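**Student:** To start, I am sharing the structure in question, which I have written as C-alpha cells.
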Amino acid sequence: MAGRTGNDMLRAVTLGYDVGVRLLQALGGTKHNPSCMTNTFAAAATAAAMLRLDPGKVRYTLSYAGQLASGIGYWDRDVEHMEKAF
C-alpha cells in the first residue's frame, strides 16, 4: 500500500525488533513480562518506518503507542475485571 520495496520492509521490521528489545531492556528484561507493551511499540516503529514519517509524526506515533499500551498487561490483576481506561 505504501509502495515500498522488500528492502524497505526488511529495514522497518529490523527497526521494530530493535525498538522492542531496547524497550524490553529499559523495563528490566522479561521479569515482569512486558511483551504486550514492547509489541505495541515495535509495531508502531515498524509502521512509522514503512510510512517514512517525519520525526514529529514519529513522536506522535510513539506517544499513541504509549497510550494504547498503558495498562494493557495489567487488566488481569484487577479482581473485578473493570476496564478503567475506557
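Letters for chains follow the order of the C-alpha cells (A, B, ...), residue numbers begin at 1 for each chain, and ligand numbers begin at 1 in the order shown.
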Write down as a PyMOL selection string the residues belonging to segment 5-69 of chain A that are assigned alpha helix (DSSP H) by DSSP computed on the backbone.

**Tutor:** chain A and resi 6-26+35-50+55-69

**Student:** My list of candidates is A:Leu24, A:Ala65, A:Ala12, A:Met1. Which is closest to Ala47 of chain A when distances are computed with only C-alpha atoms?

**Tutor:**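 The closest residue to Ala47 of chain A is A:Ala12.
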
**Student:** Need to verify the contact set: Leu15 of chain A, 9 Å, only C-alpha atoms, exclusion of same-chain residues closer than 4 positions in sequence. Can you return it as a PyMOL selection string?

**Tutor:** chain A and resi 10-11+19-20+42+45-46+49

**Student:** Store the residues picked out above in a file with all heavy atoms, as a PDB file, in the first residue's frame.

**Tutor:**
```
ATOM      1  N   LEU A  10      12.279  -4.975   5.145  1.00  0.00           N
ATOM      2  CA  LEU A  10      13.297  -5.590   5.995  1.00  0.00           C
ATOM      3  C   LEU A  10      13.874  -4.579   6.974  1.00  0.00           C
ATOM      4  O   LEU A  10      14.046  -4.872   8.168  1.00  0.00           O
ATOM      5  CB  LEU A  10      14.402  -6.197   5.131  1.00  0.00           C
ATOM      6  CG  LEU A  10      15.505  -6.958   5.850  1.00  0.00           C
ATOM      7  CD1 LEU A  10      14.937  -8.127   6.636  1.00  0.00           C
ATOM      8  CD2 LEU A  10      16.535  -7.450   4.848  1.00  0.00           C
ATOM      9  N   ARG A  11      14.158  -3.373   6.501  1.00  0.00           N
ATOM     10  CA  ARG A  11      14.698  -2.328   7.382  1.00  0.00           C
ATOM     11  C   ARG A  11      13.690  -1.935   8.455  1.00  0.00           C
ATOM     12  O   ARG A  11      14.038  -1.742   9.613  1.00  0.00           O
ATOM     13  CB  ARG A  11      15.107  -1.110   6.567  1.00  0.00           C
ATOM     14  CG  ARG A  11      16.322  -1.347   5.700  1.00  0.00           C
ATOM     15  CD  ARG A  11      16.592  -0.140   4.844  1.00  0.00           C
ATOM     16  NE  ARG A  11      16.972   0.959   5.728  1.00  0.00           N
ATOM     17  CZ  ARG A  11      17.930   1.805   5.470  1.00  0.00           C
ATOM     18  NH1 ARG A  11      18.599   1.718   4.342  1.00  0.00           N
ATOM     19  NH2 ARG A  11      18.228   2.757   6.307  1.00  0.00           N
ATOM     20  N   VAL A  19      13.650  -1.579  18.449  1.00  0.00           N
ATOM     21  CA  VAL A  19      12.876  -0.782  19.406  1.00  0.00           C
ATOM     22  C   VAL A  19      12.286  -1.682  20.492  1.00  0.00           C
ATOM     23  O   VAL A  19      12.339  -1.355  21.673  1.00  0.00           O
ATOM     24  CB  VAL A  19      11.762   0.004  18.678  1.00  0.00           C
ATOM     25  CG1 VAL A  19      10.754   0.587  19.657  1.00  0.00           C
ATOM     26  CG2 VAL A  19      12.369   1.111  17.830  1.00  0.00           C
ATOM     27  N   GLY A  20      11.750  -2.834  20.096  1.00  0.00           N
ATOM     28  CA  GLY A  20      11.166  -3.755  21.079  1.00  0.00           C
ATOM     29  C   GLY A  20      12.182  -4.255  22.083  1.00  0.00           C
ATOM     30  O   GLY A  20      11.915  -4.286  23.288  1.00  0.00           O
ATOM     31  N   ALA A  42       6.994  -1.797  19.083  1.00  0.00           N
ATOM     32  CA  ALA A  42       7.697  -2.352  17.925  1.00  0.00           C
ATOM     33  C   ALA A  42       6.847  -2.224  16.672  1.00  0.00           C
ATOM     34  O   ALA A  42       7.345  -1.843  15.601  1.00  0.00           O
ATOM     35  CB  ALA A  42       8.056  -3.809  18.183  1.00  0.00           C
ATOM     36  N   ALA A  45       6.754   1.474  15.584  1.00  0.00           N
ATOM     37  CA  ALA A  45       8.013   1.886  14.956  1.00  0.00           C
ATOM     38  C   ALA A  45       8.129   1.317  13.544  1.00  0.00           C
ATOM     39  O   ALA A  45       8.567   2.006  12.615  1.00  0.00           O
ATOM     40  CB  ALA A  45       9.200   1.438  15.801  1.00  0.00           C
ATOM     41  N   THR A  46       7.715   0.059  13.373  1.00  0.00           N
ATOM     42  CA  THR A  46       7.758  -0.564  12.050  1.00  0.00           C
ATOM     43  C   THR A  46       6.842   0.178  11.078  1.00  0.00           C
ATOM     44  O   THR A  46       7.231   0.487   9.951  1.00  0.00           O
ATOM     45  CB  THR A  46       7.351  -2.043  12.140  1.00  0.00           C
ATOM     46  OG1 THR A  46       8.256  -2.712  13.020  1.00  0.00           O
ATOM     47  CG2 THR A  46       7.373  -2.711  10.785  1.00  0.00           C
ATOM     48  N   ALA A  49       8.274   3.572  10.112  1.00  0.00           N
ATOM     49  CA  ALA A  49       9.372   3.442   9.148  1.00  0.00           C
ATOM     50  C   ALA A  49       8.844   3.142   7.749  1.00  0.00           C
ATOM     51  O   ALA A  49       9.315   3.703   6.766  1.00  0.00           O
ATOM     52  CB  ALA A  49      10.341   2.346   9.597  1.00  0.00           C
TER      53      ALA A  49
END
```
